[in-house]
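What follows is the content of input.pdb, which has PDB, C-alpha atoms:
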```
ATOM      1  CA  MET J   1      -1.528  -3.099  23.407
ATOM      2  CA  LYS J   2      -0.279  -2.472  19.876
ATOM      3  CA  THR J   3       0.383  -4.911  17.052
ATOM      4  CA  LYS J   4       3.913  -4.869  15.658
ATOM      5  CA  LEU J   5       3.587  -4.273  11.912
ATOM      6  CA  LEU J   6       6.190  -6.544  10.342
ATOM      7  CA  TYR J   7       5.317  -5.531   6.781
ATOM      8  CA  LEU J   8       6.583  -1.977   7.364
ATOM      9  CA  GLU J   9      10.189  -3.159   7.347
ATOM     10  CA  ASP J  10       9.975  -6.587   5.726
ATOM     11  CA  PHE J  11       7.373  -5.862   3.058
ATOM     12  CA  ALA J  12       8.400  -8.820   0.868
ATOM     13  CA  SER J  13       7.710 -11.536   3.463
ATOM     14  CA  VAL J  14       4.681 -13.756   2.898
ATOM     15  CA  GLU J  15       5.045 -15.898   6.057
ATOM     16  CA  ALA J  16       5.845 -15.117   9.676
ATOM     17  CA  GLU J  17       5.530 -16.509  13.190
ATOM     18  CA  ALA J  18       3.377 -14.759  15.784
ATOM     19  CA  ARG J  19       1.624 -15.320  19.108
ATOM     20  CA  VAL J  20      -2.103 -15.157  19.847
ATOM     21  CA  LEU J  21      -3.007 -12.378  22.292
ATOM     22  CA  GLU J  22      -6.787 -12.465  22.129
ATOM     23  CA  ILE J  23      -9.702 -14.206  20.401
ATOM     24  CA  LEU J  24     -12.910 -12.193  20.000
ATOM     25  CA  SER J  25     -16.266 -12.436  18.263
ATOM     26  CA  GLU J  26     -17.569  -9.788  15.874
ATOM     27  CA  ASN J  27     -20.955 -10.318  14.252
ATOM     28  CA  ASP J  28     -20.823 -13.865  12.833
ATOM     29  CA  ARG J  29     -17.030 -14.009  12.589
ATOM     30  CA  ARG J  30     -14.052 -14.393  14.907
ATOM     31  CA  VAL J  31     -11.302 -11.823  15.415
ATOM     32  CA  ILE J  32      -7.727 -12.853  16.163
ATOM     33  CA  LEU J  33      -5.311 -10.386  17.761
ATOM     34  CA  LEU J  34      -1.604 -11.181  17.459
ATOM     35  CA  ASP J  35       1.538  -9.674  18.933
ATOM     36  CA  LYS J  36       2.832  -9.028  15.390
ATOM     37  CA  THR J  37       1.609  -9.487  11.832
ATOM     38  CA  ILE J  38       2.565  -9.482   8.173
ATOM     39  CA  PHE J  39      -1.085  -9.015   7.162
ATOM     40  CA  TYR J  40      -1.706  -5.583   5.669
ATOM     41  CA  PRO J  41      -4.875  -3.933   7.061
ATOM     42  CA  GLN J  42      -6.911  -1.871   4.613
ATOM     43  CA  GLY J  43      -5.822   1.760   4.512
ATOM     44  CA  GLY J  44      -3.892   4.340   2.546
ATOM     45  CA  GLY J  45      -5.869   3.438  -0.562
ATOM     46  CA  GLN J  46      -4.662  -0.182  -0.507
ATOM     47  CA  PRO J  47      -6.914  -3.234   0.133
ATOM     48  CA  TYR J  48      -6.321  -5.658   2.981
ATOM     49  CA  ASP J  49      -4.462  -8.944   2.723
ATOM     50  CA  GLN J  50      -6.134 -12.319   3.025
ATOM     51  CA  GLY J  51      -4.651 -15.691   3.960
ATOM     52  CA  ALA J  52      -4.406 -18.082   6.894
ATOM     53  CA  ILE J  53      -3.247 -18.311  10.504
ATOM     54  CA  GLU J  54      -2.344 -21.867  11.527
ATOM     55  CA  SER J  55      -1.203 -23.904  14.506
ATOM     56  CA  SER J  56      -1.279 -27.590  15.421
ATOM     57  CA  SER J  57      -4.677 -27.032  17.047
ATOM     58  CA  GLY J  58      -6.425 -24.846  14.491
ATOM     59  CA  ASN J  59      -6.597 -23.274  11.054
ATOM     60  CA  PHE J  60      -8.060 -19.765  10.747
ATOM     61  CA  LEU J  61      -9.085 -18.278   7.376
ATOM     62  CA  VAL J  62      -8.338 -14.535   7.315
ATOM     63  CA  GLU J  63     -11.053 -12.889   5.232
ATOM     64  CA  GLU J  64     -10.533  -9.259   6.241
ATOM     65  CA  VAL J  65      -7.880  -7.216   8.066
ATOM     66  CA  ARG J  66      -8.518  -3.898   9.815
ATOM     67  CA  PHE J  67      -6.400  -1.488  11.876
ATOM     68  CA  VAL J  68      -8.107   0.019  14.932
ATOM     69  CA  ASP J  69      -6.322   2.143  17.537
ATOM     70  CA  GLY J  70      -2.934   0.540  16.975
ATOM     71  CA  VAL J  71      -4.289  -3.008  16.873
ATOM     72  CA  VAL J  72      -4.637  -5.185  13.774
ATOM     73  CA  LYS J  73      -7.830  -7.227  13.654
ATOM     74  CA  HIS J  74      -7.614 -10.479  11.687
ATOM     75  CA  ILE J  75     -11.262 -11.200  10.893
ATOM     76  CA  GLY J  76     -12.549 -14.504   9.547
ATOM     77  CA  ILE J  77     -13.553 -18.048  10.450
ATOM     78  CA  PHE J  78     -11.968 -21.189  11.862
ATOM     79  CA  GLU J  79     -11.816 -23.895   9.208
ATOM     80  CA  ARG J  80     -10.494 -26.360  11.785
ATOM     81  CA  GLY J  81     -10.180 -26.371  15.553
ATOM     82  CA  SER J  82      -9.318 -23.226  17.485
ATOM     83  CA  PHE J  83      -6.496 -21.347  19.251
ATOM     84  CA  GLN J  84      -5.677 -20.621  22.856
ATOM     85  CA  ILE J  85      -4.270 -17.375  24.228
ATOM     86  CA  GLY J  86      -0.480 -17.545  23.992
ATOM     87  CA  ASP J  87      -0.415 -20.090  21.136
ATOM     88  CA  ALA J  88       2.433 -19.803  18.635
ATOM     89  CA  VAL J  89       0.988 -19.558  15.126
ATOM     90  CA  LYS J  90       2.167 -19.305  11.540
ATOM     91  CA  CYS J  91       0.781 -16.493   9.364
ATOM     92  CA  SER J  92       0.631 -16.961   5.583
ATOM     93  CA  ILE J  93      -0.765 -14.344   3.212
ATOM     94  CA  ASP J  94      -2.361 -14.891  -0.183
ATOM     95  CA  GLN J  95       0.712 -14.205  -2.323
ATOM     96  CA  GLU J  96      -1.068 -13.513  -5.604
ATOM     97  CA  ARG J  97      -3.441 -11.013  -3.998
ATOM     98  CA  ARG J  98      -0.561  -9.206  -2.253
ATOM     99  CA  LYS J  99       1.518  -9.180  -5.452
ATOM    100  CA  LEU J 100      -1.269  -7.524  -7.455
ATOM    101  CA  HIS J 101      -1.895  -4.932  -4.742
ATOM    102  CA  ALA J 102       1.838  -4.185  -4.490
ATOM    103  CA  ARG J 103       2.126  -3.721  -8.261
ATOM    104  CA  ILE J 104      -0.864  -1.372  -8.357
ATOM    105  CA  HIS J 105       0.350   0.552  -5.290
ATOM    106  CA  SER J 106       3.873   1.011  -6.649
ATOM    107  CA  ALA J 107       2.540   1.995 -10.067
ATOM    108  CA  GLY J 108       0.726   4.835  -8.307
ATOM    109  CA  HIS J 109       4.061   5.961  -6.859
ATOM    110  CA  LEU J 110       5.580   5.977 -10.334
ATOM    111  CA  VAL J 111       2.754   8.199 -11.571
ATOM    112  CA  ASP J 112       3.782  10.633  -8.798
ATOM    113  CA  LYS J 113       7.413  10.373  -9.873
ATOM    114  CA  ALA J 114       6.571  11.009 -13.534
ATOM    115  CA  ILE J 115       4.439  14.056 -12.699
ATOM    116  CA  ALA J 116       7.304  15.498 -10.641
ATOM    117  CA  GLU J 117       9.783  14.829 -13.455
ATOM    118  CA  LEU J 118       7.477  16.584 -15.937
ATOM    119  CA  LYS J 119       7.481  19.569 -13.555
ATOM    120  CA  LEU J 120       3.708  19.669 -13.345
ATOM    121  CA  THR J 121       2.716  21.756 -10.335
ATOM    122  CA  TRP J 122       0.053  19.353  -9.118
ATOM    123  CA  ILE J 123      -0.242  18.696  -5.385
ATOM    124  CA  PRO J 124      -0.581  14.985  -4.493
ATOM    125  CA  GLY J 125      -3.791  14.076  -2.693
ATOM    126  CA  LYS J 126      -5.539  10.785  -2.127
ATOM    127  CA  GLY J 127      -4.876   7.578  -3.990
ATOM    128  CA  TYR J 128      -7.107   4.623  -4.756
ATOM    129  CA  HIS J 129      -4.980   1.526  -5.345
ATOM    130  CA  PHE J 130      -7.694  -1.117  -5.635
ATOM    131  CA  PRO J 131      -7.799  -3.423  -8.687
ATOM    132  CA  ASN J 132     -11.116  -1.970  -9.908
ATOM    133  CA  GLY J 133      -9.993   1.323 -11.408
ATOM    134  CA  PRO J 134      -6.961   2.639  -9.492
ATOM    135  CA  TYR J 135      -6.157   6.351  -9.627
ATOM    136  CA  ASP J 136      -4.049   9.122  -8.104
ATOM    137  CA  GLU J 137      -5.661  12.464  -7.325
ATOM    138  CA  TYR J 138      -3.938  15.848  -7.314
ATOM    139  CA  GLY J 139      -4.843  19.416  -6.545
ATOM    140  CA  GLY J 140      -4.340  21.496  -9.675
ATOM    141  CA  SER J 141      -5.642  22.443 -13.097
ATOM    142  CA  LEU J 142      -5.323  21.106 -16.656
ATOM    143  CA  GLU J 143      -5.877  24.574 -18.104
ATOM    144  CA  GLY J 144      -3.417  25.347 -20.887
ATOM    145  CA  LEU J 145      -2.151  21.769 -21.080
ATOM    146  CA  ASP J 146      -2.454  19.281 -23.925
ATOM    147  CA  LYS J 147      -4.177  16.553 -21.918
ATOM    148  CA  GLU J 148      -3.429  13.772 -24.396
ATOM    149  CA  LYS J 149       0.252  14.702 -24.565
ATOM    150  CA  VAL J 150       0.497  14.822 -20.771
ATOM    151  CA  LYS J 151      -1.238  11.437 -20.573
ATOM    152  CA  THR J 152       1.233   9.934 -23.061
ATOM    153  CA  ASP J 153       4.247  11.545 -21.376
ATOM    154  CA  ILE J 154       3.271  10.178 -17.948
ATOM    155  CA  GLU J 155       2.681   6.687 -19.344
ATOM    156  CA  ASN J 156       5.979   6.658 -21.241
ATOM    157  CA  LEU J 157       7.964   7.783 -18.205
ATOM    158  CA  CYS J 158       6.278   5.234 -15.937
ATOM    159  CA  ASN J 159       7.162   2.397 -18.275
ATOM    160  CA  GLN J 160      10.722   3.650 -18.624
ATOM    161  CA  TYR J 161      11.053   3.381 -14.838
ATOM    162  CA  VAL J 162       9.658  -0.158 -14.920
ATOM    163  CA  GLN J 163      11.954  -1.240 -17.749
ATOM    164  CA  LYS J 164      14.970   0.198 -15.946
ATOM    165  CA  GLY J 165      13.984  -1.553 -12.732
ATOM    166  CA  GLY J 166      15.541  -0.912  -9.366
ATOM    167  CA  LYS J 167      15.308  -2.222  -5.822
ATOM    168  CA  THR J 168      12.804  -0.628  -3.476
ATOM    169  CA  GLU J 169      14.302   0.880  -0.346
ATOM    170  CA  VAL J 170      12.489   1.664   2.909
ATOM    171  CA  ILE J 171      13.787   4.365   5.263
ATOM    172  CA  PHE J 172      12.403   5.652   8.571
ATOM    173  CA  MET J 173      12.917   9.357   9.222
ATOM    174  CA  THR J 174      11.551  12.399  11.023
ATOM    175  CA  ARG J 175       8.973  14.683   9.458
ATOM    176  CA  GLU J 176      11.635  17.380   9.207
ATOM    177  CA  LYS J 177      13.869  15.066   7.180
ATOM    178  CA  MET J 178      10.905  14.058   5.023
ATOM    179  CA  LYS J 179      10.393  17.704   4.085
ATOM    180  CA  GLU J 180      13.988  17.794   2.868
ATOM    181  CA  VAL J 181      13.936  14.682   0.690
ATOM    182  CA  CYS J 182      10.302  14.097  -0.342
ATOM    183  CA  HIS J 183       8.685  15.938  -3.233
ATOM    184  CA  TYR J 184       5.572  16.343  -1.089
ATOM    185  CA  THR J 185       4.899  15.619   2.578
ATOM    186  CA  PRO J 186       1.265  15.205   3.675
ATOM    187  CA  ASP J 187      -0.035  16.448   7.002
ATOM    188  CA  PHE J 188       0.075  13.761   9.663
ATOM    189  CA  SER J 189       0.408  13.622  13.420
ATOM    190  CA  GLU J 190       3.865  12.610  14.575
ATOM    191  CA  ALA J 191       4.548  11.855  18.214
ATOM    192  CA  LYS J 192       7.769  13.238  19.621
ATOM    193  CA  GLY J 193      10.652  11.029  18.547
ATOM    194  CA  GLU J 194       8.465   8.909  16.269
ATOM    195  CA  LEU J 195       9.846   8.113  12.834
ATOM    196  CA  ALA J 196       7.758   8.011   9.668
ATOM    197  CA  ARG J 197       8.215   5.554   6.809
ATOM    198  CA  VAL J 198       9.455   6.579   3.383
ATOM    199  CA  VAL J 199       9.678   4.349   0.308
ATOM    200  CA  VAL J 200      12.384   5.094  -2.251
ATOM    201  CA  HIS J 201      11.934   4.141  -5.909
ATOM    202  CA  ASP J 202      14.944   4.982  -8.110
ATOM    203  CA  GLY J 203      15.947   7.986  -6.009
ATOM    204  CA  TYR J 204      12.400   9.311  -5.574
ATOM    205  CA  TYR J 205      11.269   9.539  -1.937
ATOM    206  CA  MET J 206       7.594   9.037  -1.024
ATOM    207  CA  PRO J 207       5.844   8.833   2.356
ATOM    208  CA  CYS J 208       4.180   5.409   2.366
ATOM    209  CA  GLY J 209       2.667   2.916   4.784
ATOM    210  CA  GLY J 210       1.761   0.271   2.214
ATOM    211  CA  THR J 211       3.419  -2.760   0.660
ATOM    212  CA  PRO J 212       5.446  -1.892  -2.456
ATOM    213  CA  VAL J 213       7.108  -4.240  -4.928
ATOM    214  CA  SER J 214      10.663  -5.351  -4.175
ATOM    215  CA  ASP J 215      11.860  -4.193  -7.605
ATOM    216  CA  LEU J 216      10.217  -1.815 -10.068
ATOM    217  CA  SER J 217      10.546  -4.407 -12.829
ATOM    218  CA  GLU J 218       7.851  -6.470 -11.048
ATOM    219  CA  ILE J 219       5.150  -3.875 -11.772
ATOM    220  CA  GLY J 220       4.725  -4.744 -15.449
ATOM    221  CA  HIS J 221       3.308  -2.472 -18.116
ATOM    222  CA  ILE J 222       1.488   0.619 -16.852
ATOM    223  CA  THR J 223      -1.364   2.205 -18.791
ATOM    224  CA  ILE J 224      -2.722   5.680 -18.085
ATOM    225  CA  ARG J 225      -6.445   5.220 -18.709
ATOM    226  CA  LYS J 226      -7.502   8.838 -18.462
ATOM    227  CA  ILE J 227      -6.755  12.231 -16.979
ATOM    228  CA  LYS J 228      -9.799  14.135 -15.829
ATOM    229  CA  GLN J 229     -10.445  17.483 -14.159
ATOM    230  CA  GLU J 230     -12.888  17.167 -11.264
ATOM    231  CA  LYS J 231     -13.581  20.623  -9.796
ATOM    232  CA  GLU J 232     -10.281  21.642  -8.162
ATOM    233  CA  ASN J 233      -8.695  18.219  -8.534
ATOM    234  CA  ILE J 234      -7.082  16.217 -11.323
ATOM    235  CA  ARG J 235      -7.669  12.473 -11.337
ATOM    236  CA  VAL J 236      -5.101  10.295 -13.135
ATOM    237  CA  GLY J 237      -6.568   6.848 -13.755
ATOM    238  CA  TYR J 238      -4.055   4.107 -14.412
ATOM    239  CA  ASP J 239      -3.738   0.333 -14.520
ATOM    240  CA  VAL J 240      -1.137  -2.419 -14.627
ATOM    241  CA  SER J 241      -1.062  -5.433 -16.907
ATOM    242  CA  ARG J 242      -2.791  -8.451 -15.398
ATOM    243  CA  GLU J 243      -0.802 -11.685 -15.450
TER     244      GLU J 243
END
```

Structure re-expressed in structure tokens:
Amino acid sequence: MKTKLLYLEDFASVEAEARVLEILSENDRRVILLDKTIFYPQGGGQPYDQGAIESSSGNFLVEEVRFVDGVVKHIGIFERGSFQIGDAVKCSIDQERRKLHARIHSAGHLVDKAIAELKLTWIPGKGYHFPNGPYDEYGGSLEGLDKEKVKTDIENLCNQYVQKGGKTEVIFMTREKMKEVCHYTPDFSEAKGELARVVVHDGYYMPCGGTPVSDLSEIGHITIRKIKQEKENIRVGYDVSRE
């Protein structure tokens, strides 16, 4: 059994219908398994969604969302009633939480885009796209660079992209195609015939499994907080304006 991940294609949706497959208990909370979901489970440096799952017989508060072996676990508590296996339910995510996470996540992509445009030979690594101090990490060195100038150049380019705006596009392609169009392709296991997801911001292709903004203009002002060398890695700390 695998959960269909609706947010991969329709990342802008905040509501969707689904069907209950299983109801479990985990510690002091309940776990709801659905046939499909718009709830984003924590991963890829992005926090999980929160929200509600509702039917005529129950209202479930989703406090945490996790992805385990192809299945999305909606973890939380029943505020009212309960569900039965096979029930049709309505899923609604916390829109403000998702919007902030999408803005932070997409801002991280624009940092990647700016670094590529500046022709810095840094190799993208992990990203941390949580509200408390987001950053992108790269393999590379700051030796011989004017760190403050680089910091300013990245920030200026990022905000130029935001001011220009542009619709986000999602494309599914093979790893071989990704190597042709993406600036950098991370190592990942790809089953035969399986397509990987790529997000396109203003002509820049990035492997991504998260929830981006629909248009770059939604991100708001981006600030580069600091650029710091940490052993063999460079950490670029950034933030977005809070509305």

So that I can see what lies close to range 101-104 of chain J, please list as a PyMOL selection string the residues with an atom at most 9 Å from it, counting only C-alpha atoms and leaving out residues fewer than 5 positions away in the same chain. chain J and resi 46-49+96+109+129-131+134+210-214+216+218-220+238-240

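If you count all atoms listed in the file and ignore residues fewer than 5 places along the chain from Ile38 in chain J, what sits within 9 Å of it is Lys4, Leu5, Leu6, Tyr7, Leu8, Asp10, Phe11, Ser13, Val14, Glu15, Ala16, Asp49, Cys91, Ser92 and Ile93 of chain J.
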
Since we have the selection now, will you write its residues out, keeping C-alpha atoms, as a JSON list (two decimals), in the frame of the given file?
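What follows is the written file out21.json:
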```json
[["chain", "number", "residue", "atom", "x", "y", "z"],
["J", 4, "LYS", "CA", 3.91, -4.87, 15.66],
["J", 5, "LEU", "CA", 3.59, -4.27, 11.91],
["J", 6, "LEU", "CA", 6.19, -6.54, 10.34],
["J", 7, "TYR", "CA", 5.32, -5.53, 6.78],
["J", 8, "LEU", "CA", 6.58, -1.98, 7.36],
["J", 10, "ASP", "CA", 9.98, -6.59, 5.73],
["J", 11, "PHE", "CA", 7.37, -5.86, 3.06],
["J", 13, "SER", "CA", 7.71, -11.54, 3.46],
["J", 14, "VAL", "CA", 4.68, -13.76, 2.90],
["J", 15, "GLU", "CA", 5.04, -15.90, 6.06],
["J", 16, "ALA", "CA", 5.84, -15.12, 9.68],
["J", 49, "ASP", "CA", -4.46, -8.94, 2.72],
["J", 91, "CYS", "CA", 0.78, -16.49, 9.36],
["J", 92, "SER", "CA", 0.63, -16.96, 5.58],
["J", 93, "ILE", "CA", -0.76, -14.34, 3.21]]
```

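You can rank J:Leu34, J:Asp87, J:Gly237, J:Arg29 by their closest distance to Glu64 in chain J using all atoms listed in the file, and at the top of that list sits J:Arg29.
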
What box, with edges along x, y and z, holds each listed atom of range 114-133 of chain J when 6 Å is added on every side, and can you state its centre and edge lengths in Å to one decimal, as JSON?
```
{"center_x": -0.7, "center_y": 9.2, "center_z": -9.0, "size_x": 32.9, "size_y": 37.2, "size_z": 25.8}
```

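Using all atoms listed in the file, the contacts of Asp69 in chain J at a cut-off of 10 Å, with sequence neighbours closer than 3 positions omitted, comprise Met1, Lys2, Thr3 and Val72 of chain J.
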
From the set J:Glu63, J:Phe172, J:Gly125, J:Arg30, which residue has the shortest atom-to-atom contact distance to Pro186 in chain J, counting only C-alpha atoms? J:Gly125

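Picture a line from CA of Leu118 in chain J to CA of Lys167 in chain J; it runs 22.7 Å.
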
The PyMOL selection byres ((chain J and resi 115) around 12) on the file shown: which residues, as a ChimeraX atom specification? /J:108-114,116-124,136-138,140,150-158,183-184,204,234,236

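Across the structure, CA of Thr37 in chain J and CA of Tyr128 in chain J are spaced 23.5 Å apart.
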
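One distance worth recording is that between CA of Ile222 in chain J and CA of Leu100 in chain J, which is 12.7 Å.
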
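Nearest to His74 in chain J of all the residues J:Asp94, J:Glu22, J:Glu17, J:Asp28 is J:Glu22, counting only C-alpha atoms.
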
Nearest to Arg235 in chain J among J:Ser141, J:Thr174, J:Asn159, J:Thr185, with distances taken over only C-alpha atoms: which residue is it? J:Ser141

Pick from J:Lys177, J:Lys36, J:Lys99, J:Lys73: nearest to Leu24 in chain J, with all atoms listed in the file counted? J:Lys73

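The closest residue to Thr168 in chain J, picked from J:Tyr205, J:Tyr135, J:Phe83, J:Phe78 and counting all atoms listed in the file, is J:Tyr205.
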